[in-house]
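The file model-v6.txt comes next; it holds compact mmCIF, C-alpha atoms (C1' of nucleotides).
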```
# COMPACT_ATOMS: atom_id res chain seq x y z
CA MET A 1 68.89 114.09 57.84
CA PRO A 2 65.27 114.49 57.23
CA GLU A 3 62.92 111.65 56.69
CA LEU A 4 59.19 111.98 56.31
CA PRO A 5 58.47 113.06 59.91
CA GLU A 6 61.11 115.77 59.79
CA VAL A 7 59.96 117.06 56.41
CA GLU A 8 56.37 117.07 57.58
CA THR A 9 57.39 118.93 60.73
CA VAL A 10 59.20 121.50 58.61
CA ARG A 11 56.16 121.84 56.37
CA ARG A 12 53.88 122.44 59.32
CA GLY A 13 56.23 125.07 60.62
CA LEU A 14 56.61 126.88 57.33
CA ALA A 15 53.01 126.72 56.12
CA PRO A 16 51.52 129.33 58.49
CA VAL A 17 54.19 131.81 57.45
CA MET A 18 54.48 131.04 53.75
CA GLU A 19 50.96 130.16 52.64
CA GLY A 20 49.18 133.23 51.34
CA ALA A 21 52.30 135.36 51.48
CA GLU A 22 53.91 136.97 48.47
CA VAL A 23 57.59 136.50 47.88
CA THR A 24 58.97 140.03 47.81
CA GLY A 25 62.59 139.03 47.53
CA LEU A 26 64.72 135.99 46.85
CA ASP A 27 68.40 135.98 47.65
CA CYS A 28 70.33 133.13 46.03
CA ARG A 29 73.64 133.17 47.81
CA ARG A 30 74.88 129.81 46.66
CA PRO A 31 73.37 128.34 43.52
CA ASP A 32 75.34 125.10 43.41
CA LEU A 33 73.23 122.83 45.53
CA ARG A 34 72.78 119.21 44.54
CA PHE A 35 71.31 120.57 41.35
CA PRO A 36 71.93 124.15 40.27
CA LEU A 37 69.19 126.54 41.29
CA PRO A 38 66.74 127.22 38.44
CA GLU A 39 67.60 129.73 35.75
CA ARG A 40 66.41 133.21 36.65
CA PHE A 41 65.21 131.75 39.93
CA ALA A 42 64.79 135.07 41.72
CA GLU A 43 62.86 136.65 38.86
CA ARG A 44 60.54 133.70 38.54
CA VAL A 45 59.64 133.61 42.22
CA THR A 46 59.69 137.24 43.22
CA GLY A 47 56.23 138.79 43.08
CA ARG A 48 54.52 135.42 43.21
CA ARG A 49 52.13 134.46 45.99
CA ILE A 50 52.59 131.08 47.65
CA VAL A 51 49.23 129.37 47.41
CA SER A 52 50.04 126.27 49.41
CA LEU A 53 52.90 124.31 50.85
CA ALA A 54 52.50 120.56 50.54
CA ARG A 55 54.63 117.48 51.02
CA ARG A 56 55.06 114.40 48.87
CA ALA A 57 57.46 111.78 50.17
CA LYS A 58 60.43 113.83 51.39
CA TYR A 59 59.76 116.69 48.97
CA LEU A 60 58.25 120.03 49.87
CA LEU A 61 56.03 121.49 47.15
CA ALA A 62 55.23 125.19 47.09
CA ASP A 63 52.42 126.08 44.71
CA LEU A 64 52.81 129.56 43.28
CA ASP A 65 49.94 131.69 41.99
CA ASP A 66 51.13 131.55 38.39
CA GLY A 67 50.90 127.79 38.12
CA ALA A 68 54.54 127.12 38.88
CA VAL A 69 55.59 124.71 41.60
CA LEU A 70 58.75 124.97 43.62
CA ILE A 71 60.06 121.49 44.47
CA MET A 72 62.39 121.48 47.46
CA HIS A 73 64.38 118.68 49.09
CA LEU A 74 66.42 118.90 52.27
CA GLY A 75 68.93 116.22 51.38
CA MET A 76 70.85 115.06 54.43
CA SER A 77 71.53 118.35 56.16
CA GLY A 78 69.07 120.92 54.85
CA SER A 79 66.86 123.00 57.11
CA PHE A 80 64.69 126.08 57.02
CA ARG A 81 64.62 128.82 59.59
CA ILE A 82 61.95 131.45 59.99
CA ALA A 83 62.76 134.93 61.18
CA LEU A 84 59.63 136.80 62.07
CA PRO A 85 59.43 140.56 61.76
CA ALA A 86 60.37 142.36 64.92
CA ALA A 87 57.34 142.94 67.08
CA PRO A 88 56.43 146.59 67.50
CA GLY A 89 58.22 147.93 70.52
CA ALA A 90 60.70 145.09 70.64
CA ASP A 91 64.21 146.36 70.42
CA THR A 92 66.35 145.07 67.62
CA THR A 93 69.61 144.82 69.40
CA GLY A 94 71.25 141.96 67.66
CA ALA A 95 72.59 141.68 64.21
CA ASP A 96 69.71 140.94 61.94
CA THR A 97 71.76 140.57 58.84
CA THR A 98 71.98 136.81 58.88
CA GLY A 99 68.35 136.20 59.56
CA ALA A 100 69.51 132.99 61.12
CA ASP A 101 67.88 133.38 64.48
CA THR A 102 64.30 132.80 65.19
CA THR A 103 63.15 135.31 67.66
CA GLY A 104 60.66 133.64 69.89
CA ALA A 105 58.13 136.30 69.09
CA ASP A 106 55.48 133.71 69.60
CA GLY A 107 55.59 133.14 73.31
CA GLU A 108 53.29 130.26 72.75
CA THR A 109 55.69 127.37 72.75
CA PRO A 110 57.03 127.63 76.26
CA GLY A 111 57.74 123.94 76.58
CA ALA A 112 59.68 123.71 73.36
CA PHE A 113 63.42 123.55 73.36
CA GLN A 114 64.61 126.80 71.92
CA TYR A 115 67.60 126.36 69.74
CA GLU A 116 69.90 129.21 70.57
CA ARG A 117 73.00 128.33 68.67
CA SER A 118 72.89 130.08 65.34
CA LYS A 119 73.72 128.05 62.32
CA ASN A 120 76.75 128.75 60.25
CA ALA A 121 75.48 131.52 58.01
CA ALA A 122 78.03 130.48 55.43
CA HIS A 123 75.59 127.70 54.59
CA ASP A 124 72.57 129.97 54.21
CA HIS A 125 72.03 129.35 50.52
CA VAL A 126 68.59 130.76 49.73
CA VAL A 127 66.69 133.49 51.58
CA PHE A 128 63.02 134.22 50.93
CA THR A 129 61.66 137.57 51.99
CA LEU A 130 57.88 137.56 52.34
CA SER A 131 55.21 140.24 52.17
CA ASN A 132 54.29 139.59 55.80
CA GLY A 133 57.77 140.64 56.85
CA ALA A 134 59.03 137.17 57.61
CA THR A 135 62.28 135.79 56.28
CA VAL A 136 62.71 132.11 55.47
CA THR A 137 66.28 130.91 55.12
CA TYR A 138 67.42 127.63 53.64
CA ASN A 139 70.63 126.36 55.21
CA ASP A 140 72.39 123.21 54.04
CA PRO A 141 76.02 122.45 54.93
CA ARG A 142 76.38 119.39 52.74
CA ARG A 143 74.36 120.77 49.84
CA PHE A 144 72.66 117.48 49.04
CA GLY A 145 69.37 119.36 49.06
CA PHE A 146 67.98 121.33 46.14
CA MET A 147 65.24 123.53 44.75
CA VAL A 148 63.86 123.09 41.26
CA MET A 149 60.83 124.51 39.49
CA THR A 150 58.18 122.95 37.31
CA GLU A 151 54.58 123.52 36.31
CA ARG A 152 51.63 122.38 38.35
CA ALA A 153 50.05 120.90 35.24
CA GLY A 154 52.78 118.38 34.68
CA LEU A 155 53.82 117.84 38.27
CA ALA A 156 52.75 114.21 38.49
CA ASP A 157 54.88 113.40 35.46
CA HIS A 158 57.91 115.27 36.70
CA PRO A 159 60.91 112.94 36.95
CA MET A 160 61.12 113.57 40.67
CA MET A 161 57.46 112.80 41.31
CA ARG A 162 56.88 110.02 38.84
CA GLY A 163 57.49 106.63 40.38
CA ILE A 164 57.21 107.71 43.99
CA GLY A 165 55.52 105.03 46.03
CA LEU A 166 52.76 104.87 48.57
CA GLU A 167 52.38 107.62 51.15
CA PRO A 168 52.67 105.75 54.43
CA LEU A 169 50.44 108.04 56.48
CA GLY A 170 46.71 107.54 56.40
CA ASN A 171 44.77 104.52 55.31
CA ALA A 172 46.57 103.48 52.17
CA LEU A 173 49.33 101.60 53.94
CA THR A 174 47.85 98.26 54.89
CA GLY A 175 49.19 94.76 55.17
CA ALA A 176 47.56 94.02 51.84
CA ALA A 177 49.26 97.01 50.23
CA ILE A 178 52.63 95.88 51.53
CA ALA A 179 51.92 92.37 50.33
CA ALA A 180 51.24 93.64 46.84
CA LEU A 181 54.46 95.66 46.84
CA PHE A 182 56.72 93.02 48.39
CA GLN A 183 55.43 89.88 46.75
CA ASP A 184 58.22 87.86 45.15
CA ARG A 185 60.88 90.37 46.13
CA ARG A 186 64.07 88.68 47.18
CA THR A 187 65.74 91.84 48.35
CA SER A 188 65.97 92.46 52.08
CA LEU A 189 63.17 94.08 54.04
CA LYS A 190 65.59 96.90 54.85
CA ALA A 191 66.30 97.64 51.20
CA ALA A 192 62.66 97.26 50.20
CA LEU A 193 61.53 99.74 52.83
CA MET A 194 64.27 102.18 51.85
CA ASP A 195 63.11 102.04 48.21
CA GLN A 196 61.14 105.23 47.66
CA ARG A 197 59.40 103.71 44.65
CA LEU A 198 57.58 101.25 46.90
CA ILE A 199 56.80 103.23 50.05
CA ALA A 200 57.71 106.89 50.12
CA GLY A 201 59.29 108.80 52.94
CA LEU A 202 61.01 106.19 55.07
CA GLY A 203 64.72 106.57 55.65
CA ASN A 204 67.42 104.84 57.60
CA ILE A 205 66.14 105.68 61.07
CA TYR A 206 62.48 104.90 60.68
CA VAL A 207 63.08 101.74 58.69
CA CYS A 208 65.19 100.41 61.55
CA GLU A 209 62.62 101.48 64.10
CA ALA A 210 59.65 100.07 62.19
CA LEU A 211 61.34 96.70 61.69
CA TRP A 212 62.10 96.47 65.38
CA ARG A 213 58.51 97.26 66.27
CA ALA A 214 57.31 94.63 63.81
CA ARG A 215 59.86 92.12 65.18
CA LEU A 216 61.20 91.55 61.69
CA SER A 217 64.82 91.03 60.74
CA PRO A 218 66.15 93.68 58.35
CA MET A 219 67.96 90.89 56.48
CA ARG A 220 64.88 88.85 55.83
CA ALA A 221 63.74 88.71 52.21
CA ALA A 222 60.86 91.09 51.61
CA GLY A 223 58.78 88.51 49.80
CA THR A 224 58.67 86.23 52.82
CA ILE A 225 56.05 88.29 54.61
CA VAL A 226 53.61 87.52 51.77
CA THR A 227 51.86 84.22 51.12
CA LYS A 228 52.31 82.38 47.84
CA THR A 229 48.94 83.68 46.74
CA GLY A 230 49.88 87.27 47.51
CA ARG A 231 48.01 87.61 50.78
CA PRO A 232 49.64 89.50 53.64
CA ARG A 233 51.01 87.30 56.37
CA ALA A 234 50.69 88.47 59.96
CA GLU A 235 54.17 89.96 59.59
CA ALA A 236 52.97 92.26 56.81
CA GLU A 237 50.13 93.49 58.97
CA ARG A 238 52.53 94.08 61.84
CA LEU A 239 54.86 95.97 59.56
CA ALA A 240 52.10 98.23 58.23
CA ASP A 241 51.02 99.03 61.78
CA ALA A 242 54.61 99.61 62.88
CA ILE A 243 55.33 102.03 60.04
CA ARG A 244 52.19 104.06 60.61
CA ASP A 245 52.75 104.12 64.35
CA VAL A 246 56.39 105.11 64.31
CA LEU A 247 55.87 107.85 61.72
CA GLY A 248 52.84 109.19 63.53
CA GLU A 249 54.59 109.26 66.85
CA ALA A 250 57.65 110.89 65.34
CA ILE A 251 55.58 113.65 63.74
CA GLU A 252 53.83 114.20 67.04
CA ALA A 253 57.24 114.55 68.66
CA GLY A 254 58.37 117.08 66.07
CA GLY A 255 60.73 114.69 64.33
CA SER A 256 64.13 113.51 65.46
CA SER A 257 67.04 115.82 66.14
CA LEU A 258 70.43 114.30 65.55
CA ARG A 259 73.33 116.66 65.26
CA ASP A 260 71.82 119.88 64.00
CA TYR A 261 68.28 119.19 62.87
CA VAL A 262 65.80 121.81 64.03
CA ASN A 263 62.37 122.59 62.76
CA ALA A 264 61.49 125.84 61.06
CA ASP A 265 60.88 127.53 64.38
CA GLY A 266 64.35 126.63 65.56
CA GLU A 267 63.12 123.97 67.93
CA LEU A 268 64.57 120.53 68.37
CA GLY A 269 62.48 117.48 67.72
CA TYR A 270 62.58 114.94 70.48
CA PHE A 271 61.73 111.60 68.92
CA GLN A 272 65.40 110.63 69.10
CA HIS A 273 64.86 109.96 72.80
CA ARG A 274 62.44 107.22 71.82
CA PHE A 275 64.69 105.28 69.45
CA ALA A 276 64.55 101.58 70.26
CA VAL A 277 67.44 100.53 68.02
CA TYR A 278 68.85 103.38 65.95
CA ASP A 279 72.38 104.25 67.13
CA ARG A 280 71.99 101.89 70.09
CA GLU A 281 74.62 99.31 69.16
CA GLY A 282 75.68 97.28 72.18
CA GLU A 283 72.78 98.43 74.31
CA PRO A 284 70.04 96.12 75.55
CA CYS A 285 66.92 95.49 73.54
CA LEU A 286 64.07 97.48 75.01
CA ARG A 287 61.54 94.74 74.46
CA LEU A 288 60.44 93.28 77.77
CA GLU A 289 61.67 89.73 78.31
CA CYS A 290 64.08 89.98 75.39
CA ALA A 291 67.67 89.53 76.48
CA GLY A 292 69.06 90.67 73.15
CA VAL A 293 71.74 93.26 72.54
CA ILE A 294 71.36 95.69 69.65
CA GLU A 295 73.73 95.05 66.77
CA ARG A 296 74.89 97.20 63.90
CA ALA A 297 75.23 95.79 60.41
CA VAL A 298 75.83 97.38 57.02
CA GLN A 299 73.29 96.94 54.24
CA SER A 300 73.57 98.81 50.98
CA ASN A 301 76.31 100.89 52.53
CA ARG A 302 74.02 102.10 55.29
CA SER A 303 74.02 101.22 58.97
CA THR A 304 71.26 98.92 60.11
CA PHE A 305 70.48 98.59 63.80
CA PHE A 306 68.48 95.62 65.02
CA CYS A 307 67.96 93.11 67.79
CA PRO A 308 69.14 89.71 66.60
CA VAL A 309 67.06 87.95 69.23
CA CYS A 310 63.53 89.24 68.77
CA GLN A 311 63.69 90.38 65.15
CA ARG A 312 63.29 87.32 62.95
C1' DA B 1 65.39 94.34 35.78
C1' DT B 2 67.86 94.44 40.16
C1' DA B 3 71.27 95.01 43.80
C1' DG B 4 75.26 96.79 45.63
C1' DA B 5 79.04 100.15 45.66
C1' DG B 6 80.51 104.71 44.86
C1' DA B 7 79.82 109.55 44.41
C1' DC B 8 78.23 113.96 45.81
C1' DC B 9 79.88 117.59 50.29
C1' DT B 10 80.79 119.21 54.94
C1' DG B 11 81.01 118.55 59.82
C1' DT B 12 81.86 115.91 63.95
C1' DG B 13 83.55 112.42 66.87
C1' DT B 14 87.18 108.98 67.88
C1' DG B 15 91.55 107.04 68.35
C1' DC B 16 96.44 107.35 67.85
C1' DT C 1 97.09 119.58 69.98
C1' DG C 2 97.11 117.59 65.49
C1' DC C 3 95.96 114.43 62.17
C1' DA C 4 93.68 110.55 59.84
C1' DC C 5 89.72 108.14 59.44
C1' DA C 6 84.96 106.64 60.01
C1' DC C 7 80.56 108.03 59.78
C1' DA C 8 76.14 110.94 59.21
C1' DG C 9 68.86 111.83 58.34
C1' DG C 10 69.35 110.99 50.82
C1' DT C 11 69.38 109.71 46.23
C1' DC C 12 71.47 109.52 41.66
C1' DT C 13 74.60 106.85 38.71
C1' DC C 14 77.50 103.27 37.50
C1' DT C 15 78.80 98.51 37.60
C1' DA C 16 77.98 93.62 37.96
```
Structure encoded using structure tokens:
Amino acid sequence: MPELPEVETVRRGLAPVMEGAEVTGLDCRRPDLRFPLPERFAERVTGRRIVSLARRAKYLLADLDDGAVLIMHLGMSGSFRIALPAAPGADTTGADTTGADTTGADGETPGAFQYERSKNAAHDHVVFTLSNGATVTYNDPRRFGFMVMTERAGLADHPMMRGIGLEPLGNALTGAAIAALFQDRRTSLKAALMDQRLIAGLGNIYVCEALWRARLSPMRAAGTIVTKTGRPRAEAERLADAIRDVLGEAIEAGGSSLRDYVNADGELGYFQHRFAVYDREGEPCLRLECAGVIERAVQSNRSTFFCPVCQR
DNA sequence: ATAGAGACCTGTGTGC
DNA sequence: TGCACACAGGTCTCTA
């Protein structure tokens, strides 16, 4: 499920609750995620204070106060849910054993969609109990996600961090940067943008959306948006702008909720209502004065959605 | 070195 | 209603 905007949304939801808190308990209910949970995971984390919660590509990185780092990935279907401690005076009617429901103790998101349906607690694999009374539960039906531990000192050289490409938010992603990465590549733009070693954090949805915004065909060879001398063509500049724009807008919208994605506060993202091409096969292209109809193709075993008329 | 297919696992939607 | 099948936000591994 989660691409960069969803992971960043999760991070922003978790950070206020987790940063500065001590882990007072760790319940590993199901250790066989994509990779087995670390040896002695509970002992290594319990009693530690979470110094910061950061993101790199689609990874969440929790810095602990003993120099360890918890690397977490949501895979396709992972999510975190926060359960805040019951407010004084509030009655605790419901079952609180699952910790799956976020009580809207913060009445400060009135416009947000509250996600009432509780997740299947059978897929609650890891539960953090924090010194501030909050509970943070990791739920992942498909178990493609994982949690592993390493040391802060060697983090950059960790196999999961080494080789990760450019962060697409901020100023680093320019037409020139894309030109340098894509020069001479004969693979498709779709595959190049999906390659986490080049640009980090894009996934199937936002690659499709960015290519539509840049009016570039997903099938076009990546190297063709670069001049022979390695300068960015106008297409490379358009692509850089499109990526930054679509990711920024998606983060602003709280990510995209397909199926069961919710942020850590149990709220749905709403960027899915702004998809121009993703999952819109057979529907009209949204570009004014384009008469195209969105098509679906398969590239590298993944669905690609695009407008064959205005994306060249 | 690089690109595509398959694998991992569960849930959901569709069509017969 | 039941069943089979396709497909899903990721990425690692194997094969050409």
Considering only C-alpha atoms (C1' of nucleotides), state which residue in the set A:Tyr138, A:Tyr270, A:Phe41, A:Phe144 is at the smallest distance from chain C.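 Ranked by minimum distance to chain C, first place goes to A:Phe144.
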Can you pull out every residue within 10 Å of DC8 of chain B, counting only C-alpha atoms (C1' of nucleotides), but drop anything in the same chain fewer than 5 positions away, and send it as a list in words? Arg34, Arg142, Arg143 and Phe144 of chain A; DT11 and DC12 of chain C
Quick check: residues of chain A within 12 Å of chain B, all atoms listed in the file, returned as a ChimeraX atom specification. /A:32-35,75-78,120,122-123,140-145,185-188,191-192,195,258-260,298-302
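Using only C-alpha atoms (C1' of nucleotides), one finds that the residues of chain C close to chain A, at 9 Å or less, are DA8, DG9, DG10 and DT11 of chain C.
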Would you output that residue set with C-alpha atoms (C1' of nucleotides), as a PDB file, in the frame of the given file?
```pdb
ATOM      1  C1'  DA C   8      76.140 110.940  59.210  1.00  0.00           C
ATOM      2  C1'  DG C   9      68.860 111.830  58.340  1.00  0.00           C
ATOM      3  C1'  DG C  10      69.350 110.990  50.820  1.00  0.00           C
ATOM      4  C1'  DT C  11      69.380 109.710  46.230  1.00  0.00           C
TER       5       DT C  11
END
```
Around the point (52.2, 132.5, 50.9), in the coordinates given by the file, pick out the residues reaching within 6 Å, counting all atoms listed in the file, and return them as a list of chain:residue names.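 Residues found, by chain and rising number: A:Met18, A:Glu19, A:Gly20, A:Ala21, A:Glu22, A:Arg49, A:Ile50, A:Val51.
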Based on the selection just made, write C-alpha atoms of those residues as a tab-separated table (two decimals), in the frame of the given file.
```tsv
chain	number	residue	atom	x	y	z
A	18	MET	CA	54.48	131.04	53.75
A	19	GLU	CA	50.96	130.16	52.64
A	20	GLY	CA	49.18	133.23	51.34
A	21	ALA	CA	52.30	135.36	51.48
A	22	GLU	CA	53.91	136.97	48.47
A	49	ARG	CA	52.13	134.46	45.99
A	50	ILE	CA	52.59	131.08	47.65
A	51	VAL	CA	49.23	129.37	47.41
```
Add whatever atoms are absent from segment 277-297 of chain A to reach N, CA and C atoms, and provide the output as a CSV table (one decimal), in the frame of the given file.
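Result file is out04.csv:
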```csv
chain,number,residue,atom,x,y,z
A,277,VAL,N,66.2,101.2,68.6
A,277,VAL,CA,67.4,100.5,68.0
A,277,VAL,C,68.4,101.5,67.4
A,278,TYR,N,67.9,102.5,66.7
A,278,TYR,CA,68.8,103.4,66.0
A,278,TYR,C,70.0,104.0,66.8
A,279,ASP,N,71.2,103.8,66.4
A,279,ASP,CA,72.4,104.2,67.1
A,279,ASP,C,72.5,103.7,68.5
A,280,ARG,N,71.9,102.5,68.8
A,280,ARG,CA,72.0,101.9,70.1
A,280,ARG,C,72.8,100.6,70.1
A,281,GLU,N,73.8,100.5,69.2
A,281,GLU,CA,74.6,99.3,69.2
A,281,GLU,C,75.2,99.0,70.5
A,282,GLY,N,75.1,97.7,70.9
A,282,GLY,CA,75.7,97.3,72.2
A,282,GLY,C,74.8,97.5,73.4
A,283,GLU,N,73.7,98.2,73.2
A,283,GLU,CA,72.8,98.4,74.3
A,283,GLU,C,71.7,97.4,74.3
A,284,PRO,N,71.0,97.2,75.5
A,284,PRO,CA,70.0,96.1,75.6
A,284,PRO,C,68.8,96.4,74.7
A,285,CYS,N,68.2,95.4,74.2
A,285,CYS,CA,66.9,95.5,73.5
A,285,CYS,C,65.9,96.0,74.5
A,286,LEU,N,65.0,96.9,74.1
A,286,LEU,CA,64.1,97.5,75.0
A,286,LEU,C,62.8,96.6,75.2
A,287,ARG,N,62.7,95.6,74.4
A,287,ARG,CA,61.5,94.7,74.5
A,287,ARG,C,61.6,93.9,75.8
A,288,LEU,N,60.5,94.0,76.5
A,288,LEU,CA,60.4,93.3,77.8
A,288,LEU,C,60.7,91.8,77.5
A,289,GLU,N,61.4,91.2,78.4
A,289,GLU,CA,61.7,89.7,78.3
A,289,GLU,C,62.4,89.4,77.1
A,290,CYS,N,63.1,90.3,76.4
A,290,CYS,CA,64.1,90.0,75.4
A,290,CYS,C,65.5,90.3,76.0
A,291,ALA,N,66.3,89.3,75.9
A,291,ALA,CA,67.7,89.5,76.5
A,291,ALA,C,68.7,90.0,75.4
A,292,GLY,N,68.2,90.4,74.3
A,292,GLY,CA,69.1,90.7,73.2
A,292,GLY,C,69.9,91.9,73.3
A,293,VAL,N,70.9,92.1,72.6
A,293,VAL,CA,71.7,93.3,72.5
A,293,VAL,C,71.7,93.8,71.1
A,294,ILE,N,71.5,95.1,71.0
A,294,ILE,CA,71.4,95.7,69.6
A,294,ILE,C,72.7,95.6,68.9
A,295,GLU,N,72.6,95.2,67.6
A,295,GLU,CA,73.7,95.0,66.8
A,295,GLU,C,73.6,96.1,65.6
A,296,ARG,N,74.8,96.4,65.1
A,296,ARG,CA,74.9,97.2,63.9
A,296,ARG,C,75.4,96.4,62.7
A,297,ALA,N,74.8,96.5,61.6
A,297,ALA,CA,75.2,95.8,60.4
A,297,ALA,C,75.2,96.8,59.3
```
